[in-house]
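Colleague: Take a look at this one; I'll ask things after.
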Amino acid sequence: IAPSYVRIIFWIVGAFCWLLSLLLTASIWQIWYVSTKSNPDLNDNLVFGALLGVIIQEVVRVLALWALSKVVKLVESRGSIGRGNDSLDMSGSAGYFVIGLGFGSLATLFHMMNVLAASLGPGSPGLEINGISNGNQNLYFTSAFFAAALTLNHVAWTVIAGVAIELGNSP
């Protein structure tokens, strides 16, 4: 990704789209939380928030992929990039990979911030402090493994969704 400025821009756009989905989910969850204060069964129900977060994230992902395909087609057809051997190298799976990496890298960053914040201070999980064990020693290894899996999950799902959108739009 690094040698191509276009890929860096689309990677940042993918990360921004994940942040946008997080903002939309948080906004709708806040409205839900305030409106259900009188009913503790609904107010404490986290299933709604998790389901809402997944749905909003996937809607934003599909919209970002759709916009990516439109922008790439527009730039390659109108500009000098579309003529000759030059191209954006963002059409097809490469573009979907970059957008998915943007989604996954920011989701992983948010996931690991919680783990790193928990590792600070005297109550650190997984570390031995003054001869007292404070949890599992494999916390950081497990967190790193799941962070990598989360990034790969976002990349794979974005490539699959992008190819499905591409096949659905073809004449």
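Labeling convention for the structure tokens: chains A, B, ... as they appear, residues from 1 per chain, ligands from 1 in order of appearance.
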So that I can check the surroundings of stretch 48-65 of chain A, please list as a PyMOL selection string every protein, DNA and RNA residue that reaches within 12 Å of it, counting only C-alpha atoms and ignoring chain neighbours fewer than 6 positions away.

Modeller: chain A and resi 10-33+41-42+71-72+90-104+107+154-155+157-166

Colleague: Per DSSP on the backbone, filter stretch 34-71 of chain A down to the residues in helix (DSSP H, G or I) and report them as a PyMOL selection string.

Modeller: chain A and resi 34-35+40-43+46-71

Colleague: Could you please determine the separation between atom CA of A:Met113 and atom CA of A:Tyr140 in Å, to one decimal place?

Modeller: 11.9 Å
